[in-house]
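Below: the structure, in structure tokens.
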Amino acid sequence: MSIPQSGGGPIESFDQMADYLASGCKPKEDWRIGTEHEKFGYCKDTLNPLPFEGERSIRAVLEGLRDRHGWAPVEEGGHLIGLTKDGANVSLEPGGALELSGAPLETIHQTCDEVNEHLREVKGVADELGVGFIGLGAAPIWTHDQMPLMPKGRYKLMDAYMPKVGTTGREMMRRTCTVQVNLDFGSEADMVQKMRVALALSPVATALFANSPFFEGKPVGVKSKRMQIWETLDDSRTGMLPFVFEEGFGFERWVEYALDVPMYFVYRDGKYVDALGMSFRDFLEGKLPALPGETPTLSDWADHLTTAFPDARVKKFIEMRGADGGPWRRLCALPAFWVGLMYDQTALDAAWDLCRNWTAEQREALRLAATRDALAAEVDGIRMHDLAREVLEICEAGLKARARPGAGGLVPDETHFLSALKESVESGMTPADELLEHYHGDWNGDLSRIYAAYSY
């Protein structure tokens with residue numbers, strides 16, 4: 001989850017909040033790729049999740065990365081809770097999952113190199129500690145009580161609030177992991193088109209990256225338990241956002257939406273002030289009970305934007321959020337999927353043509369069906385398997401048109417990063433299907449074997 005934002009003065013008008021989003025507009029030559037991924041840590045001998053403190057712990061991993069690889073520490077309340085280096089940062093999810101938020105980079109070659117270097121660093125530190133890390137969409141065996149809550153003020157507030165607004169918020173916080181990509185836009189119109197494609201085709205990403213068919217030690221009848229958890233988390237801040245597809249959508253309409261997302265906190269002097277369920281609109285008028293008479297800054301607005309959790313969201317860039325965490329090679333496939341669709345106009349237009357006539361009901365039904373059935377999903381004659389094949393063809397064409405070489409020019413473009421997804425479409429098998437095949441086959445129902453087979 002996001003770290004506190006900084007660098008904004010007092011908000012004196014509605015336009016400032018819209019202008020904050022619009023300031024993300026960049027010329028195409030300045031568009032970048034930011035890849036984020038989360039992974040679960042565990043003790044190799046017990047297969048239990050890592051505590052925050054101790055000889056084998058999250059803190060020990062962070063200290064190892066700091067001391068051996070030159071990461072600068074990020075502390076809160078005297079606790080080491082993150083790291084930063086060269087525009088990237090390592091942070092902690094509420095249940096102790098380790099997240100890399102990558103630097104904004106020009107090509108998928110570069111972002112994949114960054115992911116690979118990070119995982120090599122983590123593995124080197126972890127191996128010496130007797131610790132492992134695994135990429136899955138949901139913790140396959142661990143219960144809620146086994147998962148420690150990390151010592152971050154934001155998480156303490158959210159943990160207390162989640163049961164008041166939904167049934168699965170604490171499960172999301174402690175026992176899910178994702179991979180996502182952050183991409184730029186050139187104008188308000190470009191943002192609108194990209195957001196519509198991102199939301200409408202998010203179920204395709206959910207299907208292709210489905211990787212969480214287990215929970216609390218058994219199959220749960222869905223291919224993405226992670227996405228199922230998001231369905232009942234908090235309706236005020238999640239979902240497919242039908243208003244994005246309505247006439248007149250733009251930066252101002254996103255501001256109106258975000259103002260209606262209930263607040264979690266305000267960050268002041270290194271501490272999180274409880275603003276749970278309160279209104280940012282009241283905050284603008286100096287009527288926030290937690291800070292009477294005080295009005296928000298743009299930093300507060302930037303923080304608040306990180307508390308909306310739809311399948312795609314707008315900040316100064318767009319975040320695509322619909323994919324489960326997964327194995328090493330699929331961490332590079334996710335940015336390839338979205339860059340192929342988003343960073344070539346012909347590809348973006350073709351992607352929009354695929355989905356522009358869907359209704360809000362069809363988009364939501366596809367989301368639910370992808371969660372349950374992955375590539376086997378079907379809604380109103382729209383077969384996910386066929387749709388995924390078409391979408392990947394557009395992705396591949398978009399990446400070829402970008403023609404960004406790698407490996408010193410030996411690799412002509414970025415299309416090879418789609419290989420894992422193309423294999424899924426050819427076989428009809430997503431990672432979740434492969435896991436279930438092992439569980440019912442050579443694992444003989446012994447889910448503990450997932451750690452040795454699928455860890456980084």
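Going through the structure tokens in order, the chains are called A, B, and so on, while each chain numbers its residues from 1 and the ligands are numbered from 1 in the order shown.
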
Exercise. If you run DSSP on this backbone, which residues of stretch 272-329 of chain A come out as alpha helix (DSSP H), and could you give them as an MDAnalysis selection string?
Worked result: chainID A and resid 280:284 298:305 328:329

Near stretch 32-38 of chain A, 6 Å: stretch 80-180 of chain A residue rows, closest pairs, only C-alpha atoms, as CSV:
```
residue,atom,partner,partner_atom,distance
A:Leu98,CA,A:Glu38,CA,5.5
A:Glu99,CA,A:Glu38,CA,4.2
A:Leu100,CA,A:Glu36,CA,5.5
A:Ser101,CA,A:Glu36,CA,4.4
A:Gly102,CA,A:Thr35,CA,5.2
A:Ala103,CA,A:Gly34,CA,5.8
A:Pro104,CA,A:Gly34,CA,4.6
A:Leu105,CA,A:Ile33,CA,5.1
A:Glu106,CA,A:Arg32,CA,4.9
A:Cys177,CA,A:Glu38,CA,5.2
A:Thr178,CA,A:Glu38,CA,5.7
A:Val179,CA,A:His37,CA,4.2
A:Gln180,CA,A:Glu36,CA,5.3
```

For this session: Give me every strand (DSSP E) residue in stretch 14-69 of chain A, going by DSSP on the backbone, as JSON, numbers by chain.
Result: {"A": [33, 34, 35, 36, 37, 38, 39, 40, 41, 42, 43]}

Kindly export the residues of the current selection with N, CA and C atoms, as a PDB file, in the first residue's frame.
```pdb
ATOM      1  N   ILE A  33       6.801   3.422 -17.169  1.00  0.00           N
ATOM      2  CA  ILE A  33       6.184   2.185 -16.693  1.00  0.00           C
ATOM      3  C   ILE A  33       6.630   1.962 -15.257  1.00  0.00           C
ATOM      4  N   GLY A  34       5.673   1.829 -14.357  1.00  0.00           N
ATOM      5  CA  GLY A  34       5.999   1.532 -12.965  1.00  0.00           C
ATOM      6  C   GLY A  34       5.328   0.230 -12.549  1.00  0.00           C
ATOM      7  N   THR A  35       6.122  -0.772 -12.227  1.00  0.00           N
ATOM      8  CA  THR A  35       5.583  -2.090 -11.874  1.00  0.00           C
ATOM      9  C   THR A  35       5.667  -2.300 -10.370  1.00  0.00           C
ATOM     10  N   GLU A  36       4.582  -2.799  -9.795  1.00  0.00           N
ATOM     11  CA  GLU A  36       4.542  -3.099  -8.370  1.00  0.00           C
ATOM     12  C   GLU A  36       4.154  -4.566  -8.182  1.00  0.00           C
ATOM     13  N   HIS A  37       4.795  -5.216  -7.226  1.00  0.00           N
ATOM     14  CA  HIS A  37       4.342  -6.577  -6.913  1.00  0.00           C
ATOM     15  C   HIS A  37       4.570  -6.895  -5.447  1.00  0.00           C
ATOM     16  N   GLU A  38       3.695  -7.763  -4.927  1.00  0.00           N
ATOM     17  CA  GLU A  38       3.710  -8.167  -3.524  1.00  0.00           C
ATOM     18  C   GLU A  38       3.957  -9.666  -3.433  1.00  0.00           C
ATOM     19  N   LYS A  39       4.569 -10.088  -2.321  1.00  0.00           N
ATOM     20  CA  LYS A  39       4.871 -11.514  -2.139  1.00  0.00           C
ATOM     21  C   LYS A  39       4.859 -11.855  -0.657  1.00  0.00           C
ATOM     22  N   PHE A  40       4.430 -13.074  -0.359  1.00  0.00           N
ATOM     23  CA  PHE A  40       4.339 -13.547   1.017  1.00  0.00           C
ATOM     24  C   PHE A  40       5.676 -14.121   1.477  1.00  0.00           C
ATOM     25  N   GLY A  41       6.084 -13.762   2.690  1.00  0.00           N
ATOM     26  CA  GLY A  41       7.275 -14.353   3.291  1.00  0.00           C
ATOM     27  C   GLY A  41       6.891 -15.392   4.326  1.00  0.00           C
ATOM     28  N   TYR A  42       7.751 -16.405   4.486  1.00  0.00           N
ATOM     29  CA  TYR A  42       7.460 -17.472   5.442  1.00  0.00           C
ATOM     30  C   TYR A  42       8.765 -18.117   5.915  1.00  0.00           C
ATOM     31  N   CYS A  43       8.709 -18.790   7.056  1.00  0.00           N
ATOM     32  CA  CYS A  43       9.846 -19.549   7.574  1.00  0.00           C
ATOM     33  C   CYS A  43       9.887 -20.903   6.875  1.00  0.00           C
TER      34      CYS A  43
END
```

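Nearest residue to A:Phe215, choosing from A:Glu256, A:Asp86, A:Glu12, A:Glu171 and counting only C-alpha atoms: A:Glu171.
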
For this session: Determine, counting only C-alpha atoms, which protein, DNA and RNA residues have an atom within 10 Å of an atom of stretch 218-234 of chain A; residues of the same chain fewer than 5 positions away are not included. Present the result as an NGL selection string.
Result: :A and (136-141 or 162-172 or 175-178 or 203 or 206-207 or 209-213 or 239 or 308-311 or 322-325 or 367-375 or 430-433 or 435-436 or 439-440 or 445-447)

Export C-alpha atoms of the chosen residues as a compact mmCIF listing (two decimals), in the first residue's frame?
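Written output follows (out.txt):
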```
# COMPACT_ATOMS: atom_id res chain seq x y z
CA LEU A 136 0.30 -16.03 -5.06
CA GLY A 137 -2.92 -14.03 -5.10
CA ALA A 138 -3.99 -15.23 -1.65
CA ALA A 139 -2.34 -17.01 1.25
CA PRO A 140 -3.20 -20.67 0.58
CA ILE A 141 -3.17 -22.05 4.14
CA MET A 162 -12.87 -2.63 7.79
CA PRO A 163 -15.48 -4.79 9.58
CA LYS A 164 -17.83 -1.78 9.75
CA VAL A 165 -18.12 -1.43 5.96
CA GLY A 166 -17.73 -4.96 4.58
CA THR A 167 -16.98 -8.54 5.43
CA THR A 168 -13.57 -9.19 3.89
CA GLY A 169 -11.44 -6.08 4.47
CA ARG A 170 -9.16 -7.74 6.98
CA GLU A 171 -8.69 -10.71 4.67
CA MET A 172 -7.60 -8.32 1.91
CA ARG A 175 -3.84 -12.43 3.07
CA THR A 176 -3.82 -11.15 -0.52
CA CYS A 177 -1.07 -10.12 -2.95
CA THR A 178 -1.19 -8.44 -6.34
CA PRO A 203 -11.50 -9.04 -16.09
CA THR A 206 -8.01 -11.21 -13.70
CA ALA A 207 -8.60 -14.35 -15.79
CA PHE A 209 -3.36 -13.97 -13.92
CA ALA A 210 -5.80 -15.96 -11.72
CA ASN A 211 -3.56 -17.56 -9.10
CA SER A 212 -5.47 -18.02 -5.85
CA PRO A 213 -7.76 -21.06 -5.91
CA GLY A 239 -15.59 -1.99 -8.16
CA ALA A 308 -9.91 4.37 -3.27
CA PHE A 309 -9.53 0.77 -4.46
CA PRO A 310 -11.37 0.23 -7.77
CA ASP A 311 -9.99 -2.17 -10.38
CA GLY A 322 -7.00 -6.52 -11.29
CA ALA A 323 -4.27 -9.20 -11.31
CA ASP A 324 -3.21 -11.75 -8.72
CA GLY A 325 0.39 -11.92 -7.58
CA ARG A 367 -15.60 -9.38 -13.51
CA LEU A 368 -17.45 -11.89 -11.36
CA ALA A 369 -17.18 -14.67 -13.94
CA ALA A 370 -13.42 -14.13 -14.38
CA THR A 371 -12.99 -14.35 -10.62
CA ARG A 372 -14.83 -17.66 -10.53
CA ASP A 373 -13.90 -19.36 -13.81
CA ALA A 374 -10.85 -17.50 -15.23
CA LEU A 375 -10.51 -18.34 -18.94
CA THR A 430 -4.13 -20.28 -15.95
CA PRO A 431 -1.81 -20.50 -12.93
CA ALA A 432 -4.86 -21.35 -10.80
CA ASP A 433 -5.70 -24.29 -13.07
CA LEU A 435 -2.21 -25.31 -9.02
CA LEU A 436 -5.47 -27.24 -8.86
CA TYR A 439 -3.33 -30.41 -5.77
CA HIS A 440 -5.62 -33.11 -7.13
CA GLY A 445 -4.16 -32.95 -1.54
CA ASP A 446 -1.07 -31.87 0.41
CA LEU A 447 -1.16 -28.10 -0.05
```

Env of A:Asn357: 12 Å cut, atoms = only C-alpha atoms, seq-sep filter 4 positions within chain, self excluded. Answer as a PDB file with N, CA and C atoms, in the first residue's frame.
```
ATOM      1  N   ARG A 196     -11.283   3.738 -19.366  1.00  0.00           N
ATOM      2  CA  ARG A 196     -12.386   2.896 -19.834  1.00  0.00           C
ATOM      3  C   ARG A 196     -11.883   1.532 -20.288  1.00  0.00           C
ATOM      4  N   VAL A 197     -10.785   1.517 -21.005  1.00  0.00           N
ATOM      5  CA  VAL A 197     -10.207   0.241 -21.431  1.00  0.00           C
ATOM      6  C   VAL A 197      -9.685  -0.532 -20.222  1.00  0.00           C
ATOM      7  N   ALA A 200     -12.809  -1.933 -18.317  1.00  0.00           N
ATOM      8  CA  ALA A 200     -13.578  -2.922 -19.089  1.00  0.00           C
ATOM      9  C   ALA A 200     -12.796  -4.213 -19.295  1.00  0.00           C
ATOM     10  N   PHE A 245     -17.767   5.413 -17.653  1.00  0.00           N
ATOM     11  CA  PHE A 245     -18.200   5.190 -19.036  1.00  0.00           C
ATOM     12  C   PHE A 245     -19.296   6.162 -19.457  1.00  0.00           C
ATOM     13  N   ALA A 351      -8.525  -1.928 -28.706  1.00  0.00           N
ATOM     14  CA  ALA A 351      -8.992  -2.454 -27.421  1.00  0.00           C
ATOM     15  C   ALA A 351     -10.339  -1.848 -27.053  1.00  0.00           C
ATOM     16  N   TRP A 352     -10.497  -0.546 -27.260  1.00  0.00           N
ATOM     17  CA  TRP A 352     -11.760   0.112 -26.956  1.00  0.00           C
ATOM     18  C   TRP A 352     -12.880  -0.393 -27.859  1.00  0.00           C
ATOM     19  N   ASP A 353     -12.554  -0.643 -29.113  1.00  0.00           N
ATOM     20  CA  ASP A 353     -13.568  -1.175 -30.033  1.00  0.00           C
ATOM     21  C   ASP A 353     -14.085  -2.534 -29.563  1.00  0.00           C
ATOM     22  N   GLU A 361     -23.782  -3.782 -16.769  1.00  0.00           N
ATOM     23  CA  GLU A 361     -24.117  -5.101 -16.230  1.00  0.00           C
ATOM     24  C   GLU A 361     -23.207  -6.177 -16.803  1.00  0.00           C
ATOM     25  N   GLN A 362     -22.887  -6.080 -18.079  1.00  0.00           N
ATOM     26  CA  GLN A 362     -21.986  -7.063 -18.690  1.00  0.00           C
ATOM     27  C   GLN A 362     -20.573  -6.931 -18.135  1.00  0.00           C
ATOM     28  N   ARG A 363     -20.111  -5.705 -17.941  1.00  0.00           N
ATOM     29  CA  ARG A 363     -18.771  -5.520 -17.392  1.00  0.00           C
ATOM     30  C   ARG A 363     -18.676  -6.122 -15.987  1.00  0.00           C
TER      31      ARG A 363
END
```
